[in-house]
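Contents: one structure, followed by commentary.
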Amino acid sequence: MQYSILAEAFENMESTRKRLELTQHLVELFEKTPQDVISKITYLLQGKLRPDFEGVELGVAEKLAMRAISKSSGIAIKKIEDEYNKGGDLGHAAAKILEQKTQTTFLVENITVERVYETLFKIARLEGSKSQDMKIKYISSLLNDANPLEATYILKILLGTLRLGVAENTVMDALAIAYSGNKENRKMLEHAYNVSSDLGKVAQIIATEGIKGIEEFKIELFNPIRPMLADRVKSENEVIEKMGNKFAIEYKLDGERVQIHIEGDKIELFSRSLEKISNYYPDIIEKIPKIFEAENAILEAEIVAINENTGDFLPFQELMHRRRKYKIEKAVKEYPITVNFFDVLYCNGKNCTELSYHERRKKLEKIVKENEFAKYIPMTIAETENEIEEFFENSINAGSEGLMLKMLDKPYQAGSRGSHWLKLKREYRNELGDSLDLVVIGGFFGKGRRTGSYGTLLLATYDENTDTFPSICKVGTGFTDESLDQLYQILNPKITIKKNPRINSEMEADVWFEPELVIEVVASEITLSPIHKTAINEIRKDAGLALRFPKFTGKIRVEKIVEDASTDEEVISLYKGQNKAAHDKNLM
Ligand code: ATP
């Protein structure tokens, strides 16, 4: 397939933010796409080469891309930099530079999607001391044969700046229309995506086997399932209202969620955001196969750091010490854990997500044998507010965050946040407090004791509709010397010269960061704001929402990707809930 077809489609899509128009462009693109490149096109559309869980990253820096443009065009780097500074987009700057070149040279050959994809893939795989030169060679060879438009979009993919604003749902709408003639089939595609986390694979199947292939879509081992998530509730009373008369309650342990895929000796661990984390937990890799009594399975558990002497649960931050590349054996000894199982999604070659909670828990207890290291999450069946309250107190005393409440007769709904699972956390119960997971987008230099670190951070929510990060508050409290230091180390490599285009902020920061880190904050209240951009125009024209008295809780949420951060919708719903609570209180 000619790459120019894809580049033109990218250009059309970039010029609109309307979902219907985007869908239409995608449908037209899919109709021109041969079956054997559909998965590649699907990944490229999202600026990726493979599904996220495979961890294939391009990681090409601007400087290196400029060297490749210079090599291909024979134009000095300084001139390329000047062109870049004029517009702020290296893809478009390259097009301008190459336009000058194409006036003097002939295009050698047309480039295909397959060639671009294979070359990008080779670049992603390069490692070691010679890799820089090889990358430049590969990129410039593509640019040699690319016309200016093609070059723009090769560079945007390489630099990770391709932002078409096509959410996964829009891609699925278009796939359903293009290959089944019916947008309603999106639901089925969504299910396939939720149990495979691989949109390219879903696209491939509908393109080759049609909607029938999607109906028969199977869960596969070592292909992670998107996790089921819970709705927040504020009180025991609200639990009863939403769950009816009999339900399961489990401790909500404060650890790291893990999806364990296991077959014989082969075992792989995926995080909540479906990143492979097996390397951080060699103790799980070694010990779990020994207590596992089935042919194969996909299990879910919460990994929790413990005090080895007392067996008490320790807070999530302790697990941060495990996230390291080197000396992991030392960390295993110093930071012991337990694995606390709470679900089974697949077992002995069969899908278990359609079984009820009750049946899944029974199966789990059959195939995993408990010992010191592997436990079942404490669970009880309850009916009344008193029973919830008692279990809540036990759970807090044991060092957990609160409770998870689960409907007994409901299946596992992969990839969705809904009311079949609820969470009741300690902080939700105090009137104003609530925790939010926010994206760090900017920093302000510290003064006094905080010189040499960022005394204050600028934070953002995630706006799913526009795929952007609108600012919601500055946070300057809740930091310890240790956490300031840790954040400084993590954030420094993320500094950018130009604000990432996905950041939506009127407030100017001292430095801008690539939006890549999520931290947890609590606040006393959500208020309307003339400066901040979260939920802009949603409640009142020209006003956004902001957090009042935000405070960092100490939790750096390394297990969350930025698209998992609190969304504008969540903040709106908290804002409305808070106003309703205040109103109810006034009536009392
Ligand atoms: P949070 O920020 O509250 O941890 P989340 O967005 O990560 O929420 P939710 O589904 O809303 O995910 O809350 C459940 C989370 O709590 C899970 O992701 C998991 O890490 C953790 N957890 C602890 N105990 C349990 C349990 N018994 N069942 C399910 N999840 C549990």
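For the structure tokens, the naming scheme is as follows: chains receive sequential letters (A, B, ...) according to their order of presentation, residues are indexed from 1 within each chain, and ligands are indexed from 1 in presentation order.
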
What are the closest atom pairs, with distances in Å to one decimal, for all residues of chain A lying within 6 Å of ligand 1? Consider only C-alpha atoms and all ligand atoms, order rows by chain and residue number, and present the result as JSON lines.
{"residue": "A:Leu229", "atom": "CA", "partner": "ligand 1", "partner_atom_place_in_ligand_line": "10 (O)", "distance": 3.1}
{"residue": "A:Ala230", "atom": "CA", "partner": "ligand 1", "partner_atom_place_in_ligand_line": "10 (O)", "distance": 4.0}
{"residue": "A:Glu250", "atom": "CA", "partner": "ligand 1", "partner_atom_place_in_ligand_line": "27 (N)", "distance": 4.8}
{"residue": "A:Tyr251", "atom": "CA", "partner": "ligand 1", "partner_atom_place_in_ligand_line": "27 (N)", "distance": 5.2}
{"residue": "A:Lys252", "atom": "CA", "partner": "ligand 1", "partner_atom_place_in_ligand_line": "24 (N)", "distance": 3.4}
{"residue": "A:Leu253", "atom": "CA", "partner": "ligand 1", "partner_atom_place_in_ligand_line": "23 (C)", "distance": 4.1}
{"residue": "A:Asp254", "atom": "CA", "partner": "ligand 1", "partner_atom_place_in_ligand_line": "23 (C)", "distance": 5.9}
{"residue": "A:Glu256", "atom": "CA", "partner": "ligand 1", "partner_atom_place_in_ligand_line": "20 (O)", "distance": 5.3}
{"residue": "A:Arg257", "atom": "CA", "partner": "ligand 1", "partner_atom_place_in_ligand_line": "20 (O)", "distance": 4.0}
{"residue": "A:Glu302", "atom": "CA", "partner": "ligand 1", "partner_atom_place_in_ligand_line": "23 (C)", "distance": 5.9}
{"residue": "A:Phe342", "atom": "CA", "partner": "ligand 1", "partner_atom_place_in_ligand_line": "27 (N)", "distance": 5.8}
{"residue": "A:Ile377", "atom": "CA", "partner": "ligand 1", "partner_atom_place_in_ligand_line": "27 (N)", "distance": 5.9}
{"residue": "A:Met404", "atom": "CA", "partner": "ligand 1", "partner_atom_place_in_ligand_line": "27 (N)", "distance": 5.4}

All residues 9 Å or closer to A:Pro51, only C-alpha atoms, same chain fewer than 6 positions away omitted, as a JSON list (two decimals) with C-alpha atoms, in the first residue's frame:
[["chain", "number", "residue", "atom", "x", "y", "z"],
["A", 43, "TYR", "CA", -1.18, 0.83, 15.19],
["A", 197, "SER", "CA", -5.90, -5.05, 24.57],
["A", 198, "ASP", "CA", -4.81, -5.25, 20.94],
["A", 199, "LEU", "CA", -6.70, -3.03, 18.50],
["A", 200, "GLY", "CA", -4.49, -4.12, 15.59],
["A", 201, "LYS", "CA", -5.47, -7.73, 16.14]]

Task: Pick from A:Thr384, A:Ser15, A:Ser278, A:Thr567, whichever lies nearest to A:Ala460 using only C-alpha atoms - done: A:Thr567

Open item on the list: Neighbouring residues of A:Gly213 were defined as those with any atom within 12 Å, considering only C-alpha atoms; residues of the same chain fewer than 2 positions away were excluded. Please report them as a list in words.
Closed with: Tyr179, Ser180, Met188, Leu189, Ala192, Lys201, Val202, Ala203, Gln204, Ile205, Ile206, Ala207, Thr208, Glu209, Gly210, Ile211, Glu215, Glu216, Phe217 and Lys218 of chain A

Would you save the residues from that selection as a compact mmCIF listing (two decimals), in the first residue's frame, using N, CA, C and O atoms?
# COMPACT_ATOMS: atom_id res chain seq x y z
N TYR A 179 -16.19 -2.63 7.71
CA TYR A 179 -16.15 -4.08 7.46
C TYR A 179 -17.45 -4.82 7.76
O TYR A 179 -17.55 -6.01 7.48
N SER A 180 -18.42 -4.15 8.36
CA SER A 180 -19.69 -4.86 8.57
C SER A 180 -20.87 -4.00 8.13
O SER A 180 -22.01 -4.44 8.20
N MET A 188 -19.44 -5.18 19.80
CA MET A 188 -18.76 -6.48 19.73
C MET A 188 -17.24 -6.30 19.60
O MET A 188 -16.46 -7.03 20.19
N LEU A 189 -16.88 -5.29 18.81
CA LEU A 189 -15.44 -5.00 18.65
C LEU A 189 -14.85 -4.58 19.98
O LEU A 189 -13.73 -4.94 20.34
N ALA A 192 -14.05 -7.49 22.04
CA ALA A 192 -12.83 -8.16 21.57
C ALA A 192 -11.60 -7.37 22.01
O ALA A 192 -10.59 -7.93 22.45
N LYS A 201 -5.01 -6.35 16.32
CA LYS A 201 -5.47 -7.73 16.14
C LYS A 201 -6.97 -7.75 15.85
O LYS A 201 -7.44 -8.48 14.98
N VAL A 202 -7.72 -6.91 16.56
CA VAL A 202 -9.16 -6.82 16.35
C VAL A 202 -9.44 -6.37 14.91
O VAL A 202 -10.28 -6.94 14.21
N ALA A 203 -8.68 -5.38 14.44
CA ALA A 203 -8.86 -4.87 13.07
C ALA A 203 -8.56 -5.97 12.06
O ALA A 203 -9.30 -6.18 11.09
N GLN A 204 -7.48 -6.69 12.32
CA GLN A 204 -7.07 -7.77 11.42
C GLN A 204 -8.18 -8.82 11.29
O GLN A 204 -8.52 -9.27 10.20
N ILE A 205 -8.77 -9.17 12.43
CA ILE A 205 -9.79 -10.22 12.41
C ILE A 205 -11.06 -9.76 11.70
O ILE A 205 -11.61 -10.48 10.86
N ILE A 206 -11.50 -8.55 11.97
CA ILE A 206 -12.74 -8.13 11.29
C ILE A 206 -12.48 -7.97 9.79
O ILE A 206 -13.34 -8.28 8.95
N ALA A 207 -11.27 -7.55 9.42
CA ALA A 207 -10.97 -7.36 8.00
C ALA A 207 -10.90 -8.70 7.27
O ALA A 207 -11.31 -8.81 6.12
N THR A 208 -10.39 -9.72 7.93
CA THR A 208 -10.21 -10.99 7.23
C THR A 208 -11.39 -11.95 7.43
O THR A 208 -11.79 -12.65 6.53
N GLU A 209 -11.99 -11.94 8.64
CA GLU A 209 -13.05 -12.93 8.91
C GLU A 209 -14.42 -12.31 9.06
O GLU A 209 -15.40 -13.00 9.29
N GLY A 210 -14.48 -10.99 9.04
CA GLY A 210 -15.77 -10.31 9.18
C GLY A 210 -16.27 -10.37 10.60
O GLY A 210 -15.57 -10.82 11.52
N ILE A 211 -17.51 -9.96 10.79
CA ILE A 211 -18.05 -9.83 12.14
C ILE A 211 -18.15 -11.20 12.83
O ILE A 211 -18.10 -11.31 14.05
N GLU A 215 -17.31 -12.27 16.64
CA GLU A 215 -18.23 -12.98 17.54
C GLU A 215 -17.53 -14.14 18.22
O GLU A 215 -17.78 -14.47 19.37
N GLU A 216 -16.62 -14.76 17.46
CA GLU A 216 -15.95 -15.96 18.01
C GLU A 216 -14.59 -15.63 18.63
O GLU A 216 -13.79 -16.52 18.88
N PHE A 217 -14.35 -14.35 18.84
CA PHE A 217 -13.04 -13.90 19.35
C PHE A 217 -12.70 -14.60 20.67
O PHE A 217 -13.53 -14.70 21.56
N LYS A 218 -11.48 -15.09 20.77
CA LYS A 218 -11.11 -15.85 21.97
C LYS A 218 -10.05 -15.13 22.80
O LYS A 218 -9.13 -14.52 22.27

If we count only C-alpha atoms, what is near stretch 233-242 of chain A at a cut-off of 12 Å, once residues fewer than 3 positions away on the same chain are taken out, given as a PDB file with N, CA, C and O atoms, in the first residue's frame?
ATOM      1  N   ALA A 230     -13.877  -0.044  39.305  1.00  0.00           N
ATOM      2  CA  ALA A 230     -15.000   0.144  40.224  1.00  0.00           C
ATOM      3  C   ALA A 230     -15.470   1.598  40.266  1.00  0.00           C
ATOM      4  O   ALA A 230     -14.680   2.510  40.053  1.00  0.00           O
ATOM      5  N   ASN A 245     -29.379  -6.572  48.196  1.00  0.00           N
ATOM      6  CA  ASN A 245     -29.376  -7.131  49.544  1.00  0.00           C
ATOM      7  C   ASN A 245     -28.254  -8.105  49.897  1.00  0.00           C
ATOM      8  O   ASN A 245     -28.090  -8.446  51.045  1.00  0.00           O
ATOM      9  N   LYS A 246     -27.503  -8.570  48.953  1.00  0.00           N
ATOM     10  CA  LYS A 246     -26.452  -9.520  49.327  1.00  0.00           C
ATOM     11  C   LYS A 246     -25.297  -9.359  48.356  1.00  0.00           C
ATOM     12  O   LYS A 246     -25.497  -9.409  47.149  1.00  0.00           O
ATOM     13  N   PHE A 247     -24.115  -9.178  48.879  1.00  0.00           N
ATOM     14  CA  PHE A 247     -22.982  -8.906  47.986  1.00  0.00           C
ATOM     15  C   PHE A 247     -21.693  -9.321  48.678  1.00  0.00           C
ATOM     16  O   PHE A 247     -21.697  -9.609  49.881  1.00  0.00           O
ATOM     17  N   ALA A 248     -20.622  -9.362  47.876  1.00  0.00           N
ATOM     18  CA  ALA A 248     -19.333  -9.729  48.466  1.00  0.00           C
ATOM     19  C   ALA A 248     -18.586  -8.456  48.848  1.00  0.00           C
ATOM     20  O   ALA A 248     -18.692  -7.440  48.156  1.00  0.00           O
ATOM     21  N   ILE A 249     -17.859  -8.519  49.976  1.00  0.00           N
ATOM     22  CA  ILE A 249     -16.983  -7.398  50.335  1.00  0.00           C
ATOM     23  C   ILE A 249     -15.577  -7.940  50.471  1.00  0.00           C
ATOM     24  O   ILE A 249     -15.363  -8.975  51.101  1.00  0.00           O
ATOM     25  N   ALA A 382     -22.003  -9.967  52.696  1.00  0.00           N
ATOM     26  CA  ALA A 382     -22.706  -9.105  53.661  1.00  0.00           C
ATOM     27  C   ALA A 382     -24.061  -8.682  53.137  1.00  0.00           C
ATOM     28  O   ALA A 382     -24.343  -8.771  51.932  1.00  0.00           O
ATOM     29  N   GLU A 383     -24.873  -8.216  54.065  1.00  0.00           N
ATOM     30  CA  GLU A 383     -26.217  -7.759  53.678  1.00  0.00           C
ATOM     31  C   GLU A 383     -26.548  -6.396  54.273  1.00  0.00           C
ATOM     32  O   GLU A 383     -27.362  -5.667  53.741  1.00  0.00           O
ATOM     33  N   THR A 384     -25.960  -6.062  55.398  1.00  0.00           N
ATOM     34  CA  THR A 384     -26.405  -4.848  56.102  1.00  0.00           C
ATOM     35  C   THR A 384     -25.293  -3.800  56.213  1.00  0.00           C
ATOM     36  O   THR A 384     -24.108  -4.123  56.083  1.00  0.00           O
ATOM     37  N   GLU A 385     -25.733  -2.571  56.533  1.00  0.00           N
ATOM     38  CA  GLU A 385     -24.764  -1.486  56.721  1.00  0.00           C
ATOM     39  C   GLU A 385     -23.794  -1.816  57.853  1.00  0.00           C
ATOM     40  O   GLU A 385     -22.603  -1.540  57.760  1.00  0.00           O
ATOM     41  N   ASN A 386     -24.337  -2.417  58.915  1.00  0.00           N
ATOM     42  CA  ASN A 386     -23.472  -2.743  60.056  1.00  0.00           C
ATOM     43  C   ASN A 386     -22.374  -3.706  59.685  1.00  0.00           C
ATOM     44  O   ASN A 386     -21.219  -3.564  60.096  1.00  0.00           O
ATOM     45  N   GLU A 387     -22.754  -4.698  58.869  1.00  0.00           N
ATOM     46  CA  GLU A 387     -21.746  -5.683  58.464  1.00  0.00           C
ATOM     47  C   GLU A 387     -20.646  -5.012  57.626  1.00  0.00           C
ATOM     48  O   GLU A 387     -19.471  -5.329  57.763  1.00  0.00           O
ATOM     49  N   ILE A 388     -21.073  -4.078  56.776  1.00  0.00           N
ATOM     50  CA  ILE A 388     -20.069  -3.386  55.959  1.00  0.00           C
ATOM     51  C   ILE A 388     -19.144  -2.601  56.876  1.00  0.00           C
ATOM     52  O   ILE A 388     -17.922  -2.634  56.746  1.00  0.00           O
ATOM     53  N   GLU A 389     -19.764  -1.896  57.834  1.00  0.00           N
ATOM     54  CA  GLU A 389     -18.969  -1.035  58.702  1.00  0.00           C
ATOM     55  C   GLU A 389     -17.936  -1.833  59.496  1.00  0.00           C
ATOM     56  O   GLU A 389     -16.778  -1.438  59.619  1.00  0.00           O
ATOM     57  N   GLU A 390     -18.377  -2.986  59.973  1.00  0.00           N
ATOM     58  CA  GLU A 390     -17.457  -3.797  60.770  1.00  0.00           C
ATOM     59  C   GLU A 390     -16.268  -4.261  59.924  1.00  0.00           C
ATOM     60  O   GLU A 390     -15.110  -4.175  60.323  1.00  0.00           O
ATOM     61  N   PHE A 391     -16.594  -4.731  58.720  1.00  0.00           N
ATOM     62  CA  PHE A 391     -15.528  -5.222  57.829  1.00  0.00           C
ATOM     63  C   PHE A 391     -14.614  -4.070  57.409  1.00  0.00           C
ATOM     64  O   PHE A 391     -13.407  -4.236  57.262  1.00  0.00           O
ATOM     65  N   PHE A 392     -15.225  -2.899  57.231  1.00  0.00           N
ATOM     66  CA  PHE A 392     -14.463  -1.702  56.855  1.00  0.00           C
ATOM     67  C   PHE A 392     -13.413  -1.414  57.933  1.00  0.00           C
ATOM     68  O   PHE A 392     -12.232  -1.209  57.647  1.00  0.00           O
ATOM     69  N   GLY A 402      -9.569   0.499  52.317  1.00  0.00           N
ATOM     70  CA  GLY A 402     -11.027   0.512  52.430  1.00  0.00           C
ATOM     71  C   GLY A 402     -11.571  -0.787  51.883  1.00  0.00           C
ATOM     72  O   GLY A 402     -10.944  -1.839  52.053  1.00  0.00           O
ATOM     73  N   LEU A 403     -12.703  -0.722  51.216  1.00  0.00           N
ATOM     74  CA  LEU A 403     -13.349  -1.948  50.748  1.00  0.00           C
ATOM     75  C   LEU A 403     -13.637  -1.922  49.258  1.00  0.00           C
ATOM     76  O   LEU A 403     -13.849  -0.856  48.671  1.00  0.00           O
ATOM     77  N   MET A 404     -13.669  -3.122  48.671  1.00  0.00           N
ATOM     78  CA  MET A 404     -14.224  -3.311  47.335  1.00  0.00           C
ATOM     79  C   MET A 404     -15.508  -4.102  47.541  1.00  0.00           C
ATOM     80  O   MET A 404     -15.523  -5.076  48.300  1.00  0.00           O
ATOM     81  N   LEU A 405     -16.575  -3.675  46.863  1.00  0.00           N
ATOM     82  CA  LEU A 405     -17.858  -4.363  47.023  1.00  0.00           C
ATOM     83  C   LEU A 405     -18.249  -4.912  45.667  1.00  0.00           C
ATOM     84  O   LEU A 405     -18.203  -4.189  44.668  1.00  0.00           O
ATOM     85  N   LYS A 406     -18.611  -6.190  45.616  1.00  0.00           N
ATOM     86  CA  LYS A 406     -18.805  -6.827  44.310  1.00  0.00           C
ATOM     87  C   LYS A 406     -20.111  -7.610  44.260  1.00  0.00           C
ATOM     88  O   LYS A 406     -20.416  -8.364  45.193  1.00  0.00           O
ATOM     89  N   MET A 407     -20.860  -7.417  43.182  1.00  0.00           N
ATOM     90  CA  MET A 407     -22.126  -8.137  43.035  1.00  0.00           C
ATOM     91  C   MET A 407     -21.833  -9.619  42.798  1.00  0.00           C
ATOM     92  O   MET A 407     -20.978  -9.966  41.985  1.00  0.00           O
ATOM     93  N   GLY A 418     -17.790   0.322  36.252  1.00  0.00           N
ATOM     94  CA  GLY A 418     -19.251   0.287  36.376  1.00  0.00           C
ATOM     95  C   GLY A 418     -19.678  -0.012  37.785  1.00  0.00           C
ATOM     96  O   GLY A 418     -18.857  -0.069  38.703  1.00  0.00           O
ATOM     97  N   SER A 419     -20.993  -0.224  37.965  1.00  0.00           N
ATOM     98  CA  SER A 419     -21.503  -0.337  39.323  1.00  0.00           C
ATOM     99  C   SER A 419     -21.577  -1.783  39.820  1.00  0.00           C
ATOM    100  O   SER A 419     -22.096  -2.035  40.898  1.00  0.00           O
ATOM    101  N   HIS A 420     -21.037  -2.740  39.037  1.00  0.00           N
ATOM    102  CA  HIS A 420     -21.012  -4.117  39.567  1.00  0.00           C
ATOM    103  C   HIS A 420     -19.894  -4.281  40.597  1.00  0.00           C
ATOM    104  O   HIS A 420     -19.902  -5.205  41.399  1.00  0.00           O
ATOM    105  N   TRP A 421     -18.936  -3.379  40.508  1.00  0.00           N
ATOM    106  CA  TRP A 421     -17.897  -3.287  41.537  1.00  0.00           C
ATOM    107  C   TRP A 421     -17.946  -1.859  42.086  1.00  0.00           C
ATOM    108  O   TRP A 421     -17.991  -0.901  41.311  1.00  0.00           O
ATOM    109  N   LEU A 422     -17.908  -1.745  43.404  1.00  0.00           N
ATOM    110  CA  LEU A 422     -17.848  -0.403  44.006  1.00  0.00           C
ATOM    111  C   LEU A 422     -16.623  -0.339  44.911  1.00  0.00           C
ATOM    112  O   LEU A 422     -16.140  -1.370  45.381  1.00  0.00           O
ATOM    113  N   LYS A 423     -16.156   0.882  45.150  1.00  0.00           N
ATOM    114  CA  LYS A 423     -15.066   1.019  46.130  1.00  0.00           C
ATOM    115  C   LYS A 423     -15.443   2.067  47.160  1.00  0.00           C
ATOM    116  O   LYS A 423     -15.991   3.110  46.815  1.00  0.00           O
ATOM    117  N   LEU A 424     -15.171   1.714  48.397  1.00  0.00           N
ATOM    118  CA  LEU A 424     -15.443   2.626  49.505  1.00  0.00           C
ATOM    119  C   LEU A 424     -14.118   2.862  50.199  1.00  0.00           C
ATOM    120  O   LEU A 424     -13.588   1.965  50.856  1.00  0.00           O
ATOM    121  N   LYS A 425     -13.562   4.078  49.994  1.00  0.00           N
ATOM    122  CA  LYS A 425     -12.245   4.337  50.579  1.00  0.00           C
ATOM    123  C   LYS A 425     -12.387   5.218  51.801  1.00  0.00           C
ATOM    124  O   LYS A 425     -13.342   5.974  51.919  1.00  0.00           O
ATOM    125  N   ARG A 426     -11.363   5.157  52.621  1.00  0.00           N
ATOM    126  CA  ARG A 426     -11.398   5.947  53.852  1.00  0.00           C
ATOM    127  C   ARG A 426     -11.603   7.425  53.529  1.00  0.00           C
ATOM    128  O   ARG A 426     -12.458   8.079  54.085  1.00  0.00           O
ATOM    129  N   GLU A 427     -10.863   7.932  52.535  1.00  0.00           N
ATOM    130  CA  GLU A 427     -10.957   9.378  52.313  1.00  0.00           C
ATOM    131  C   GLU A 427     -12.273   9.820  51.698  1.00  0.00           C
ATOM    132  O   GLU A 427     -12.622  10.976  51.774  1.00  0.00           O
ATOM    133  N   TYR A 428     -12.999   8.857  51.081  1.00  0.00           N
ATOM    134  CA  TYR A 428     -14.275   9.278  50.498  1.00  0.00           C
ATOM    135  C   TYR A 428     -15.286   9.606  51.594  1.00  0.00           C
ATOM    136  O   TYR A 428     -16.308  10.224  51.350  1.00  0.00           O
ATOM    137  N   ARG A 429     -15.009   9.089  52.777  1.00  0.00           N
ATOM    138  CA  ARG A 429     -16.031   9.243  53.803  1.00  0.00           C
ATOM    139  C   ARG A 429     -15.958  10.587  54.502  1.00  0.00           C
ATOM    140  O   ARG A 429     -16.910  11.007  55.122  1.00  0.00           O
ATOM    141  N   ASN A 430     -14.793  11.255  54.449  1.00  0.00           N
ATOM    142  CA  ASN A 430     -14.864  12.577  55.048  1.00  0.00           C
ATOM    143  C   ASN A 430     -15.414  13.546  54.021  1.00  0.00           C
ATOM    144  O   ASN A 430     -15.229  13.405  52.814  1.00  0.00           O
ATOM    145  N   GLU A 431     -16.081  14.519  54.492  1.00  0.00           N
ATOM    146  CA  GLU A 431     -16.995  15.323  53.696  1.00  0.00           C
ATOM    147  C   GLU A 431     -16.440  15.831  52.364  1.00  0.00           C
ATOM    148  O   GLU A 431     -17.033  15.643  51.314  1.00  0.00           O
ATOM    149  N   LEU A 432     -15.289  16.482  52.416  1.00  0.00           N
ATOM    150  CA  LEU A 432     -14.784  17.103  51.201  1.00  0.00           C
ATOM    151  C   LEU A 432     -13.686  16.296  50.532  1.00  0.00           C
ATOM    152  O   LEU A 432     -13.506  16.360  49.340  1.00  0.00           O
ATOM    153  N   GLY A 433     -12.974  15.568  51.359  1.00  0.00           N
ATOM    154  CA  GLY A 433     -11.781  14.902  50.854  1.00  0.00           C
ATOM    155  C   GLY A 433     -12.095  13.888  49.772  1.00  0.00           C
ATOM    156  O   GLY A 433     -13.143  13.269  49.762  1.00  0.00           O
ATOM    157  N   ASP A 434     -11.188  13.752  48.851  1.00  0.00           N
ATOM    158  CA  ASP A 434     -11.316  12.761  47.813  1.00  0.00           C
ATOM    159  C   ASP A 434      -9.987  12.705  47.114  1.00  0.00           C
ATOM    160  O   ASP A 434      -9.320  13.717  46.986  1.00  0.00           O
ATOM    161  N   SER A 573     -18.463  15.078  38.044  1.00  0.00           N
ATOM    162  CA  SER A 573     -19.385  14.334  38.902  1.00  0.00           C
ATOM    163  C   SER A 573     -19.057  14.566  40.386  1.00  0.00           C
ATOM    164  O   SER A 573     -19.966  14.674  41.218  1.00  0.00           O
ATOM    165  N   LEU A 574     -17.780  14.696  40.725  1.00  0.00           N
ATOM    166  CA  LEU A 574     -17.423  15.028  42.116  1.00  0.00           C
ATOM    167  C   LEU A 574     -17.922  16.430  42.481  1.00  0.00           C
ATOM    168  O   LEU A 574     -18.413  16.663  43.591  1.00  0.00           O
ATOM    169  N   GLY A 577     -21.587  16.188  43.030  1.00  0.00           N
ATOM    170  CA  GLY A 577     -21.860  15.439  44.263  1.00  0.00           C
ATOM    171  C   GLY A 577     -21.602  16.307  45.488  1.00  0.00           C
ATOM    172  O   GLY A 577     -22.373  16.293  46.452  1.00  0.00           O
ATOM    173  N   GLN A 578     -20.553  17.088  45.426  1.00  0.00           N
ATOM    174  CA  GLN A 578     -20.176  17.944  46.561  1.00  0.00           C
ATOM    175  C   GLN A 578     -21.239  19.024  46.775  1.00  0.00           C
ATOM    176  O   GLN A 578     -21.645  19.301  47.899  1.00  0.00           O
ATOM    177  N   ALA A 581     -24.221  17.377  48.328  1.00  0.00           N
ATOM    178  CA  ALA A 581     -24.013  17.103  49.754  1.00  0.00           C
ATOM    179  C   ALA A 581     -24.199  18.380  50.571  1.00  0.00           C
ATOM    180  O   ALA A 581     -24.830  18.370  51.637  1.00  0.00           O
TER     181      ALA A 581
END

Task: Distance query stretch 512-515 of chain A at most 8 Å, only C-alpha atoms, self and fewer than 4 positions along chain excluded, as an MDAnalysis selection string - done: chainID A and resid 439:443 469 491 494:500 503 562

Task: DSSP-assigned strand (DSSP E) among stretch 176-305 of chain A, expressed as an MDAnalysis selection string - done: chainID A and resid 229:232 247:252 256:263 266:270 296:305

- [ ] Do a neighbour search on A:Asp343 at 10 Å with only C-alpha atoms, toss out local chain neighbours closer than 4 positions, and write the hits as a PyMOL selection string.
- [x] chain A and resi 259+298-301+352-353+357+360-365+376-377+412

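For the pair atom CA of A:Lys135 and atom CA of A:Lys63, the separation is 11.9 Å.
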
- [ ] Would you mind listing what lies within 9 Å of A:Arg163 as a PyMOL selection string, with only C-alpha atoms counted and same-chain residues fewer than 2 positions away left out?
- [x] chain A and resi 14+45-47+156+160-161+165-166+467+501-502

Export N, CA, C and O atoms of the chosen residues as a compact mmCIF listing (two decimals), in the first residue's frame?
# COMPACT_ATOMS: atom_id res chain seq x y z
N GLU A 14 -6.00 15.40 10.75
CA GLU A 14 -5.43 16.45 11.61
C GLU A 14 -6.19 17.77 11.49
O GLU A 14 -6.16 18.59 12.39
N LEU A 45 -1.93 4.67 13.24
CA LEU A 45 -2.93 5.70 13.51
C LEU A 45 -2.82 6.24 14.93
O LEU A 45 -3.15 7.38 15.22
N GLN A 46 -2.42 5.34 15.82
CA GLN A 46 -2.32 5.74 17.23
C GLN A 46 -0.88 6.08 17.60
O GLN A 46 -0.56 6.17 18.79
N GLY A 47 -0.05 6.25 16.58
CA GLY A 47 1.35 6.60 16.82
C GLY A 47 2.13 5.45 17.44
O GLY A 47 3.14 5.67 18.11
N LYS A 156 6.52 12.68 12.57
CA LYS A 156 5.59 12.79 13.70
C LYS A 156 5.46 11.45 14.43
O LYS A 156 5.36 11.41 15.65
N GLY A 160 6.77 10.82 18.26
CA GLY A 160 5.62 10.66 19.18
C GLY A 160 4.76 11.91 19.22
O GLY A 160 4.09 12.18 20.23
N THR A 161 4.73 12.70 18.14
CA THR A 161 3.91 13.92 18.16
C THR A 161 2.70 13.81 17.23
O THR A 161 2.04 14.80 16.96
N GLY A 165 -6.17 12.73 17.49
CA GLY A 165 -7.38 12.81 18.31
C GLY A 165 -8.35 11.67 18.02
O GLY A 165 -9.54 11.80 18.24
N VAL A 166 -7.83 10.55 17.48
CA VAL A 166 -8.74 9.41 17.26
C VAL A 166 -8.67 8.48 18.46
O VAL A 166 -7.69 7.77 18.66
N ASP A 467 -8.54 14.24 24.02
CA ASP A 467 -7.24 13.59 24.22
C ASP A 467 -6.18 14.61 24.67
O ASP A 467 -5.06 14.62 24.16
N PRO A 501 1.75 19.84 22.86
CA PRO A 501 0.47 20.35 22.37
C PRO A 501 -0.76 19.74 23.05
O PRO A 501 -1.86 20.29 22.96
N ARG A 502 -0.58 18.62 23.74
CA ARG A 502 -1.74 18.03 24.43
C ARG A 502 -2.03 18.74 25.76
O ARG A 502 -3.04 18.50 26.39
